[in-house]
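Containing compact mmCIF, C-alpha atoms (C1' of nucleotides): entry.txt.
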# COMPACT_ATOMS: atom_id res chain seq x y z
CA MET A 26 0.00 0.00 0.00
CA GLY A 27 0.90 3.57 -0.72
CA LYS A 28 3.93 4.78 -2.51
CA ASP A 29 3.60 7.00 -5.55
CA PHE A 30 5.86 9.93 -4.89
CA SER A 31 7.27 12.30 -7.45
CA SER A 32 11.04 12.19 -7.53
CA LYS A 33 11.29 15.94 -8.08
CA THR A 34 10.00 16.99 -4.65
CA PRO A 35 11.13 15.73 -1.24
CA ILE A 36 8.81 13.03 0.04
CA TYR A 37 8.22 14.79 3.33
CA LEU A 38 6.87 17.85 1.51
CA GLN A 39 4.54 15.71 -0.56
CA ILE A 40 3.19 14.04 2.56
CA ILE A 41 2.70 17.41 4.24
CA GLN A 42 0.73 18.54 1.21
CA HIS A 43 -1.36 15.38 1.36
CA ILE A 44 -2.20 15.81 5.03
CA CYS A 45 -2.96 19.52 4.58
CA SER A 46 -5.42 18.57 1.85
CA GLN A 47 -7.15 16.11 4.15
CA ILE A 48 -7.34 18.73 6.87
CA ILE A 49 -8.87 21.51 4.78
CA ARG A 50 -11.22 19.05 3.12
CA GLY A 51 -12.41 18.07 6.59
CA ASP A 52 -11.38 14.44 6.19
CA LEU A 53 -9.31 15.17 9.27
CA GLN A 54 -11.30 17.08 11.85
CA PRO A 55 -9.90 19.58 14.37
CA GLY A 56 -8.61 17.70 17.39
CA GLU A 57 -8.59 14.38 15.56
CA LYS A 58 -5.65 12.08 16.22
CA LEU A 59 -3.26 11.39 13.40
CA PRO A 60 -1.81 7.89 12.98
CA SER A 61 1.31 7.38 15.08
CA VAL A 62 4.68 8.06 13.52
CA ARG A 63 5.36 4.37 12.99
CA GLU A 64 1.85 3.59 11.80
CA MET A 65 1.82 6.42 9.27
CA ALA A 66 5.26 5.38 8.08
CA LEU A 67 3.93 1.91 7.36
CA LYS A 68 0.81 3.28 5.69
CA MET A 69 2.81 5.58 3.40
CA GLY A 70 5.57 3.06 2.76
CA VAL A 71 8.19 5.39 4.16
CA ASN A 72 10.74 5.59 6.95
CA PRO A 73 9.49 6.67 10.41
CA ASN A 74 12.11 9.42 10.45
CA THR A 75 10.46 10.98 7.41
CA ILE A 76 7.06 11.05 9.14
CA GLN A 77 8.72 12.46 12.23
CA ARG A 78 9.90 15.35 10.11
CA VAL A 79 6.43 15.79 8.62
CA TYR A 80 4.80 15.98 12.06
CA MET A 81 7.49 18.37 13.26
CA GLU A 82 6.74 20.69 10.35
CA LEU A 83 2.99 20.49 10.93
CA GLU A 84 3.58 21.44 14.54
CA ARG A 85 5.88 24.30 13.56
CA GLU A 86 3.08 25.66 11.40
CA SER A 87 0.54 25.33 14.21
CA LEU A 88 -1.46 22.76 12.27
CA ALA A 89 -0.88 19.91 14.71
CA GLU A 90 0.11 19.36 18.31
CA ALA A 91 2.24 16.46 19.50
CA ARG A 92 1.67 14.98 22.96
CA ARG A 93 4.36 12.62 24.14
CA GLY A 94 2.94 9.19 24.83
CA GLN A 95 -0.44 10.07 23.37
CA GLY A 96 -0.03 10.98 19.73
CA THR A 97 -0.18 13.86 17.32
CA PHE A 98 -3.44 15.73 16.88
CA VAL A 99 -4.88 18.17 14.40
CA THR A 100 -5.07 21.61 15.99
CA GLU A 101 -8.44 22.64 17.37
CA ASN A 102 -7.84 26.22 16.31
CA ARG A 103 -10.48 26.52 13.61
CA ASP A 104 -9.37 30.01 12.69
CA ARG A 105 -5.93 28.65 11.83
CA LEU A 106 -7.50 25.98 9.62
CA GLN A 107 -9.68 28.50 7.84
CA GLN A 108 -6.62 30.66 7.34
CA LEU A 109 -4.72 27.67 5.97
CA ARG A 110 -7.48 27.03 3.49
CA LEU A 111 -7.44 30.59 2.21
CA ASP A 112 -3.65 30.78 2.19
CA LEU A 113 -3.29 27.61 0.15
CA LYS A 114 -5.95 28.68 -2.31
CA HIS A 115 -4.37 32.07 -2.84
CA ASP A 116 -0.87 30.64 -3.02
CA ARG A 117 -1.68 28.06 -5.66
CA ILE A 118 -3.52 30.59 -7.79
CA LYS A 119 -0.69 33.08 -7.49
CA THR A 120 1.95 30.53 -8.42
CA PHE A 121 -0.11 29.23 -11.31
CA ILE A 122 -0.69 32.66 -12.81
CA ALA A 123 2.92 33.74 -12.26
CA ASP A 124 4.12 30.58 -13.99
CA MET A 125 1.83 30.95 -16.97
CA THR A 126 2.60 34.63 -17.30
CA GLU A 127 6.34 34.03 -17.23
CA MET A 128 5.88 31.60 -20.10
CA GLY A 129 4.14 34.31 -22.06
CA PHE A 130 0.58 33.00 -22.00
CA THR A 131 -2.06 35.71 -22.16
CA THR A 132 -5.00 35.90 -19.79
CA GLU A 133 -7.28 34.77 -22.58
CA GLU A 134 -5.07 31.83 -23.44
CA ILE A 135 -5.10 30.74 -19.79
CA SER A 136 -8.85 31.15 -19.54
CA LEU A 137 -9.45 29.23 -22.77
CA GLY A 138 -7.03 26.53 -21.69
CA LEU A 139 -8.92 26.01 -18.45
CA VAL A 140 -12.31 25.80 -20.16
CA GLU A 141 -10.86 23.40 -22.70
CA TYR A 142 -9.43 21.26 -19.93
CA PHE A 143 -12.73 21.05 -18.08
CA ALA A 144 -14.57 20.14 -21.26
CA LYS A 145 -12.11 17.35 -21.89
CA SER A 146 -12.45 16.11 -18.32
CA LEU A 147 -16.21 15.86 -18.69
CA ASN A 148 -15.92 13.80 -21.87
CA GLU A 149 -13.57 11.38 -20.20
CA GLY A 150 -15.86 11.15 -17.21
CA ASP A 151 -18.64 9.90 -19.52
CA LYS A 152 -16.92 6.64 -20.37
CA MET B 23 23.59 39.78 -10.73
CA GLY B 24 21.29 36.83 -10.66
CA LYS B 25 20.62 34.46 -7.86
CA ASP B 26 17.12 34.06 -6.50
CA PHE B 27 16.50 30.36 -6.47
CA SER B 28 13.93 28.55 -4.42
CA SER B 29 15.49 26.06 -2.04
CA LYS B 30 12.69 23.58 -2.61
CA THR B 31 13.60 22.69 -6.19
CA PRO B 32 17.01 21.80 -7.64
CA ILE B 33 18.65 24.84 -9.20
CA TYR B 34 19.24 23.08 -12.49
CA LEU B 35 15.50 22.44 -12.87
CA GLN B 36 14.70 26.08 -12.13
CA ILE B 37 17.17 27.21 -14.77
CA ILE B 38 15.72 24.76 -17.29
CA GLN B 39 12.29 26.21 -16.57
CA HIS B 40 13.63 29.72 -17.03
CA ILE B 41 15.23 28.93 -20.38
CA CYS B 42 12.14 27.07 -21.58
CA SER B 43 10.08 30.15 -20.78
CA GLN B 44 12.43 32.31 -22.83
CA ILE B 45 12.22 29.87 -25.72
CA ILE B 46 8.45 29.62 -25.91
CA ARG B 47 8.10 33.38 -25.40
CA GLY B 48 10.36 33.84 -28.41
CA ASP B 49 13.02 35.70 -26.43
CA LEU B 50 15.27 32.93 -27.65
CA GLN B 51 14.73 32.23 -31.35
CA PRO B 52 15.18 28.84 -33.06
CA GLY B 53 18.83 28.39 -33.99
CA GLU B 54 19.96 31.16 -31.63
CA LYS B 55 23.13 30.56 -29.66
CA LEU B 56 22.87 30.22 -25.93
CA PRO B 57 25.56 31.76 -23.71
CA SER B 58 28.50 29.41 -23.21
CA VAL B 59 28.50 27.13 -20.20
CA ARG B 60 30.96 29.34 -18.33
CA GLU B 61 29.27 32.58 -19.34
CA MET B 62 25.82 31.39 -18.33
CA ALA B 63 27.24 30.11 -15.05
CA LEU B 64 28.56 33.59 -14.32
CA LYS B 65 25.30 35.23 -15.37
CA MET B 66 23.21 32.95 -13.15
CA GLY B 67 25.67 32.99 -10.25
CA VAL B 68 26.06 29.24 -10.38
CA ASN B 69 28.72 26.61 -10.97
CA PRO B 70 29.55 25.70 -14.60
CA ASN B 71 28.80 22.06 -13.84
CA THR B 72 25.24 23.00 -13.01
CA ILE B 73 24.82 24.75 -16.37
CA GLN B 74 26.43 21.79 -18.09
CA ARG B 75 23.70 19.62 -16.64
CA VAL B 76 21.05 22.10 -17.77
CA TYR B 77 22.32 22.07 -21.36
CA MET B 78 22.59 18.30 -21.30
CA GLU B 79 18.95 18.05 -20.26
CA LEU B 80 17.85 20.54 -22.92
CA GLU B 81 19.64 18.44 -25.52
CA ARG B 82 18.10 15.24 -24.21
CA GLU B 83 14.69 16.82 -24.71
CA SER B 84 15.57 17.94 -28.23
CA LEU B 85 15.27 21.60 -27.29
CA ALA B 86 18.92 22.45 -27.93
CA GLU B 87 21.92 21.12 -29.81
CA ALA B 88 25.50 21.31 -28.56
CA ARG B 89 28.35 21.70 -31.03
CA ARG B 90 31.80 21.13 -29.60
CA GLY B 91 33.94 24.21 -29.97
CA GLN B 92 31.05 26.35 -31.19
CA GLY B 93 28.39 26.51 -28.56
CA THR B 94 24.90 25.34 -27.66
CA PHE B 95 22.01 26.38 -29.87
CA VAL B 96 18.23 26.39 -29.61
CA THR B 97 16.82 23.72 -31.90
CA GLU B 98 15.55 24.88 -35.28
CA ASN B 99 12.76 22.35 -35.18
CA ARG B 100 9.79 24.69 -34.85
CA ASP B 101 7.35 21.82 -34.49
CA ARG B 102 9.18 20.70 -31.39
CA LEU B 103 8.96 24.21 -29.95
CA GLN B 104 5.26 24.49 -30.69
CA GLN B 105 4.79 21.10 -29.07
CA LEU B 106 6.75 22.28 -26.03
CA ARG B 107 4.50 25.30 -25.71
CA LEU B 108 1.33 23.23 -25.79
CA ASP B 109 2.77 20.56 -23.50
CA LEU B 110 3.79 23.08 -20.87
CA LYS B 111 0.46 24.87 -21.02
CA HIS B 112 -1.50 21.66 -20.65
CA ASP B 113 0.77 20.34 -17.95
CA ARG B 114 0.54 23.43 -15.77
CA ILE B 115 -3.22 23.57 -16.10
CA LYS B 116 -3.57 19.89 -15.31
CA THR B 117 -1.36 20.13 -12.23
CA PHE B 118 -3.11 23.26 -11.01
CA ILE B 119 -6.58 21.75 -11.30
CA ALA B 120 -5.49 18.45 -9.79
CA ASP B 121 -3.96 20.29 -6.85
CA MET B 122 -6.98 22.47 -6.22
CA THR B 123 -9.37 19.55 -6.59
CA GLU B 124 -7.39 17.41 -4.16
CA MET B 125 -7.71 20.22 -1.63
CA GLY B 126 -11.47 20.12 -2.07
CA PHE B 127 -11.99 23.38 -3.92
CA THR B 128 -14.99 23.36 -6.22
CA THR B 129 -14.87 24.51 -9.84
CA GLU B 130 -16.75 27.64 -8.88
CA GLU B 131 -14.40 28.38 -6.03
CA ILE B 132 -11.43 28.08 -8.37
CA SER B 133 -13.06 30.25 -11.00
CA LEU B 134 -14.00 32.89 -8.44
CA GLY B 135 -10.54 32.79 -6.93
CA LEU B 136 -8.96 33.46 -10.31
CA VAL B 137 -11.25 36.38 -11.08
CA GLU B 138 -10.61 37.79 -7.63
CA TYR B 139 -6.87 37.48 -8.12
CA PHE B 140 -6.93 39.27 -11.46
CA ALA B 141 -9.02 42.07 -10.00
CA LYS B 142 -6.53 42.51 -7.20
CA SER B 143 -3.64 42.51 -9.67
CA LEU B 144 -5.22 45.32 -11.63
CA ASN B 145 -5.69 47.45 -8.52
CA GLU B 146 -2.07 47.03 -7.58
CA GLY B 147 -1.01 47.89 -11.11
CA ASP B 148 -2.74 51.28 -10.71
CA LYS B 149 -0.38 52.55 -8.06
C1' DC C 19 4.70 -2.24 38.55
C1' DT C 20 4.56 -3.88 33.85
C1' DA C 21 3.63 -3.81 29.14
C1' DA C 22 2.53 -1.56 25.14
C1' DC C 23 1.89 2.30 22.98
C1' DT C 24 3.19 7.14 22.02
C1' DG C 25 6.83 11.10 20.57
C1' DT C 26 11.82 12.07 20.43
C1' DA C 27 16.78 11.65 19.62
C1' DC C 28 20.97 9.74 17.81
C1' DT C 29 24.33 7.30 14.61
C1' DA C 30 25.44 5.46 10.22
C1' DT C 31 24.81 4.84 5.29
C1' DT C 32 23.30 5.91 0.63
C1' DA C 33 22.01 9.01 -2.96
C1' DC C 34 21.50 13.41 -5.13
C1' DC C 35 22.58 18.42 -5.77
C1' DT C 36 26.00 21.85 -5.84
C1' DT C 37 30.45 23.73 -5.66
C1' DA C 38 35.54 24.07 -6.65
C1' DT C 39 39.11 22.94 -9.62
C1' DA C 40 41.39 20.98 -13.28
C1' DA C 41 42.05 18.80 -17.44
C1' DC C 42 40.79 17.17 -22.20
C1' DA C 43 38.73 17.65 -27.08
C1' DC C 44 37.18 20.28 -30.75
C1' DT C 45 36.57 24.73 -33.67
C1' DA C 46 37.62 29.19 -35.37
C1' DA C 47 40.51 33.06 -35.89
C1' DT C 48 45.18 34.95 -36.08
C1' DA D 18 51.13 26.48 -35.16
C1' DT D 19 49.25 29.25 -31.63
C1' DT D 20 45.57 31.09 -29.09
C1' DA D 21 41.14 31.67 -27.30
C1' DG D 22 36.72 30.12 -26.91
C1' DT D 23 33.65 26.27 -27.05
C1' DG D 24 31.59 21.55 -25.08
C1' DT D 25 33.02 17.55 -22.17
C1' DT D 26 34.82 14.77 -18.45
C1' DA D 27 36.79 13.88 -13.90
C1' DT D 28 37.84 14.21 -8.87
C1' DA D 29 37.02 15.91 -4.31
C1' DA D 30 34.28 18.19 -0.95
C1' DG D 31 30.01 19.79 1.53
C1' DG D 32 24.95 19.91 2.23
C1' DT D 33 20.33 17.82 2.30
C1' DA D 34 16.88 13.95 1.84
C1' DA D 35 15.84 9.43 2.94
C1' DT D 36 16.76 5.00 4.82
C1' DA D 37 17.92 1.53 8.63
C1' DG D 38 18.41 0.63 13.23
C1' DT D 39 18.63 1.60 18.09
C1' DA D 40 17.63 3.81 22.25
C1' DC D 41 15.35 7.10 25.43
C1' DA D 42 11.13 9.49 27.50
C1' DG D 43 6.40 10.05 28.64
C1' DT D 44 1.36 8.10 28.91
C1' DT D 45 -2.04 4.77 29.50
C1' DA D 46 -4.24 0.31 30.31
C1' DG D 47 -3.73 -4.05 32.58
Re-express the file's structure as structure tokens.
Amino acid sequence: MGKDFSSKTPIYLQIIQHICSQIIRGDLQPGEKLPSVREMALKMGVNPNTIQRVYMELERESLAEARRGQGTFVTENRDRLQQLRLDLKHDRIKTFIADMTEMGFTTEEISLGLVEYFAKSLNEGDK
Amino acid sequence: MGKDFSSKTPIYLQIIQHICSQIIRGDLQPGEKLPSVREMALKMGVNPNTIQRVYMELERESLAEARRGQGTFVTENRDRLQQLRLDLKHDRIKTFIADMTEMGFTTEEISLGLVEYFAKSLNEGDK
DNA sequence: CTAACTGTACTATTACCTTATAACACTAAT
DNA sequence: ATTAGTGTTATAAGGTAATAGTACAGTTAG
């Protein structure tokens, strides 16, 4: 179970991204316990040290709290989670637009490209 | 002059991205000579070996051709460049949508976010 | 208390990225 | 032929990411 990591980004960053997604989607509720370091390592097919680093980062960003002997828990600070959601949304949009602009794509080209992509997705979903 | 690299991605990949942008924007024309390995290294504030790897990658992807004793040149294959442009556009859009979707943002939320971002950009451009 | 589970810390090893430095091979101009 | 500029190759060193393995520290259930 579970290893499909891109080689171009450190695994620990990819796992952080994955957990952040689960949190802002609500799959992981505020206060909910995360799997233990060892358990998560097994689940993700990765070394416990890597998960340790992930949890450390999540704690540093006030997204999780670690309690020795008990586990690591999603923060109960709902304001922080709402902020995370908005931050991530804005950040991804900003990066995307900056990227496309640097490559010389016009606003219209980007807009058309997105519409085109959605149309294609729908067709493939019909199969 | 010239060093503002993100620590999260290998420098050589960032430089490749930068050169690709220049190529598809037309800042670098088909057949045009790229700066020599040593010159580009100086310009980017980076070790020649790193540029060597960049040029090697560009050649591997048929975007440039190296001629010993002469230099490295953008490919003259315009079809390949057009293909690159479309590939990059599609790839960025795909990644962006996949990312946003994984985080649970709806199509409308994405669309609204983009419009909002453009509006904000315009305001800041007025200063 | 004991056992089993948690987070935490450390060493060692491997691989990749980057730098520093030097040399080699080819081309063009003088 | 010499020189200068090109791509190319090689070695050594340092940093980070990830792995493997071990041990320590705190909590909880029995």
Segment 102-110 of chain A surroundings by all atoms listed in the file, 9 Å radius, close-in-sequence under 3 positions cut, as a list in words: Cys45, Ser46, Ile48, Ile49, Arg50, Pro55, Gly56, Ser87, Leu88, Val99, Leu113, Lys114 and His115 of chain A; Met125 of chain B
Enumerate as an MDAnalysis selection string the residues belonging to chain A that approach chain B to within 10 Å, with only C-alpha atoms taken into account. chainID A and resid 33:35 38 42:51 110:111 113:115 117:122 124:130 132 134:136 138:139 141:143
Got a sec to pull out which chain C residues are within 10 Å of chain B, counting all atoms listed in the file, and send them as a PyMOL selection string? chain C and resi 34-38+43-46
Here atom CA of Ala89 of chain A and atom C1' of DT26 of chain C stand apart by 16.0 Å
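Distances to chain D were evaluated for A:Ala66, A:Leu59, A:Val140, A:Met81 using only C-alpha atoms (C1' of nucleotides), and the minimum falls at A:Ala66.
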Do you have the atom CA of Leu83 of chain A-atom CA of Ala120 of chain B distance handy?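 These atoms are spaced 22.5 Å apart.
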For DA34 of chain D, which of A:Phe98, A:Arg78, A:Leu67, A:Lys58 is the closest residue, counting only C-alpha atoms (C1' of nucleotides)?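 So, comparing all the options, the nearest one is A:Arg78.
Going from atom CA of Arg85 of chain A over to atom C1' of DC41 of chain D, you cover 22.9 Å.
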For chain D, list the residues within 12 Å of chain A, counting all atoms listed in the file, and write the list as number ranges by chain. D: 33-38, 42-45
Please enclose the listed atoms of segment 26-40 of chain C in an axis-aligned box, pad each side by 3 Å, and write out the centre and the three edge lengths in Å, rounded to one decimal, as JSON.
{"center_x": 26.6, "center_y": 14.5, "center_z": 3.6, "size_x": 35.6, "size_y": 25.2, "size_z": 39.7}
Could you pull segment 45-141 of chain A out of the block above and give me C-alpha atoms, as an mmCIF file, in the first residue's frame?
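The resulting file, selection_28.cif, is reproduced below:
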data_model
loop_
_atom_site.group_PDB
_atom_site.id
_atom_site.type_symbol
_atom_site.label_atom_id
_atom_site.label_comp_id
_atom_site.auth_asym_id
_atom_site.auth_seq_id
_atom_site.Cartn_x
_atom_site.Cartn_y
_atom_site.Cartn_z
ATOM 1 C CA CYS A 45 -2.958 19.515 4.579
ATOM 2 C CA SER A 46 -5.418 18.570 1.850
ATOM 3 C CA GLN A 47 -7.145 16.109 4.154
ATOM 4 C CA ILE A 48 -7.344 18.735 6.865
ATOM 5 C CA ILE A 49 -8.865 21.511 4.784
ATOM 6 C CA ARG A 50 -11.224 19.047 3.120
ATOM 7 C CA GLY A 51 -12.412 18.069 6.588
ATOM 8 C CA ASP A 52 -11.376 14.438 6.189
ATOM 9 C CA LEU A 53 -9.307 15.168 9.266
ATOM 10 C CA GLN A 54 -11.302 17.080 11.854
ATOM 11 C CA PRO A 55 -9.901 19.581 14.367
ATOM 12 C CA GLY A 56 -8.615 17.704 17.393
ATOM 13 C CA GLU A 57 -8.586 14.377 15.556
ATOM 14 C CA LYS A 58 -5.652 12.076 16.218
ATOM 15 C CA LEU A 59 -3.255 11.392 13.404
ATOM 16 C CA PRO A 60 -1.812 7.894 12.985
ATOM 17 C CA SER A 61 1.313 7.379 15.078
ATOM 18 C CA VAL A 62 4.679 8.058 13.516
ATOM 19 C CA ARG A 63 5.359 4.366 12.995
ATOM 20 C CA GLU A 64 1.847 3.586 11.799
ATOM 21 C CA MET A 65 1.816 6.417 9.274
ATOM 22 C CA ALA A 66 5.264 5.378 8.079
ATOM 23 C CA LEU A 67 3.928 1.906 7.360
ATOM 24 C CA LYS A 68 0.812 3.281 5.685
ATOM 25 C CA MET A 69 2.812 5.579 3.402
ATOM 26 C CA GLY A 70 5.575 3.063 2.759
ATOM 27 C CA VAL A 71 8.193 5.391 4.157
ATOM 28 C CA ASN A 72 10.737 5.590 6.954
ATOM 29 C CA PRO A 73 9.489 6.669 10.407
ATOM 30 C CA ASN A 74 12.109 9.423 10.447
ATOM 31 C CA THR A 75 10.461 10.978 7.407
ATOM 32 C CA ILE A 76 7.059 11.046 9.139
ATOM 33 C CA GLN A 77 8.720 12.463 12.232
ATOM 34 C CA ARG A 78 9.904 15.354 10.109
ATOM 35 C CA VAL A 79 6.430 15.787 8.624
ATOM 36 C CA TYR A 80 4.800 15.984 12.061
ATOM 37 C CA MET A 81 7.491 18.366 13.264
ATOM 38 C CA GLU A 82 6.742 20.690 10.351
ATOM 39 C CA LEU A 83 2.994 20.486 10.929
ATOM 40 C CA GLU A 84 3.583 21.444 14.539
ATOM 41 C CA ARG A 85 5.882 24.299 13.556
ATOM 42 C CA GLU A 86 3.079 25.660 11.399
ATOM 43 C CA SER A 87 0.540 25.333 14.208
ATOM 44 C CA LEU A 88 -1.455 22.761 12.271
ATOM 45 C CA ALA A 89 -0.879 19.914 14.706
ATOM 46 C CA GLU A 90 0.110 19.356 18.311
ATOM 47 C CA ALA A 91 2.244 16.465 19.504
ATOM 48 C CA ARG A 92 1.671 14.982 22.961
ATOM 49 C CA ARG A 93 4.356 12.622 24.139
ATOM 50 C CA GLY A 94 2.944 9.187 24.825
ATOM 51 C CA GLN A 95 -0.436 10.074 23.373
ATOM 52 C CA GLY A 96 -0.029 10.977 19.732
ATOM 53 C CA THR A 97 -0.185 13.855 17.316
ATOM 54 C CA PHE A 98 -3.441 15.728 16.880
ATOM 55 C CA VAL A 99 -4.876 18.174 14.396
ATOM 56 C CA THR A 100 -5.069 21.611 15.995
ATOM 57 C CA GLU A 101 -8.439 22.643 17.372
ATOM 58 C CA ASN A 102 -7.843 26.218 16.314
ATOM 59 C CA ARG A 103 -10.475 26.522 13.606
ATOM 60 C CA ASP A 104 -9.371 30.007 12.693
ATOM 61 C CA ARG A 105 -5.929 28.648 11.834
ATOM 62 C CA LEU A 106 -7.496 25.981 9.618
ATOM 63 C CA GLN A 107 -9.679 28.498 7.838
ATOM 64 C CA GLN A 108 -6.620 30.663 7.341
ATOM 65 C CA LEU A 109 -4.717 27.669 5.969
ATOM 66 C CA ARG A 110 -7.479 27.025 3.488
ATOM 67 C CA LEU A 111 -7.442 30.586 2.214
ATOM 68 C CA ASP A 112 -3.649 30.780 2.190
ATOM 69 C CA LEU A 113 -3.289 27.610 0.154
ATOM 70 C CA LYS A 114 -5.950 28.678 -2.312
ATOM 71 C CA HIS A 115 -4.373 32.071 -2.840
ATOM 72 C CA ASP A 116 -0.872 30.643 -3.016
ATOM 73 C CA ARG A 117 -1.682 28.063 -5.659
ATOM 74 C CA ILE A 118 -3.523 30.593 -7.787
ATOM 75 C CA LYS A 119 -0.695 33.078 -7.494
ATOM 76 C CA THR A 120 1.947 30.533 -8.420
ATOM 77 C CA PHE A 121 -0.106 29.226 -11.313
ATOM 78 C CA ILE A 122 -0.687 32.663 -12.814
ATOM 79 C CA ALA A 123 2.919 33.737 -12.258
ATOM 80 C CA ASP A 124 4.117 30.575 -13.989
ATOM 81 C CA MET A 125 1.825 30.948 -16.965
ATOM 82 C CA THR A 126 2.599 34.633 -17.303
ATOM 83 C CA GLU A 127 6.339 34.028 -17.234
ATOM 84 C CA MET A 128 5.881 31.603 -20.098
ATOM 85 C CA GLY A 129 4.138 34.311 -22.065
ATOM 86 C CA PHE A 130 0.580 33.002 -22.000
ATOM 87 C CA THR A 131 -2.059 35.710 -22.159
ATOM 88 C CA THR A 132 -4.999 35.897 -19.788
ATOM 89 C CA GLU A 133 -7.279 34.768 -22.585
ATOM 90 C CA GLU A 134 -5.074 31.829 -23.440
ATOM 91 C CA ILE A 135 -5.101 30.742 -19.793
ATOM 92 C CA SER A 136 -8.846 31.150 -19.542
ATOM 93 C CA LEU A 137 -9.447 29.232 -22.775
ATOM 94 C CA GLY A 138 -7.027 26.533 -21.691
ATOM 95 C CA LEU A 139 -8.920 26.015 -18.449
ATOM 96 C CA VAL A 140 -12.306 25.805 -20.164
ATOM 97 C CA GLU A 141 -10.862 23.404 -22.699
#
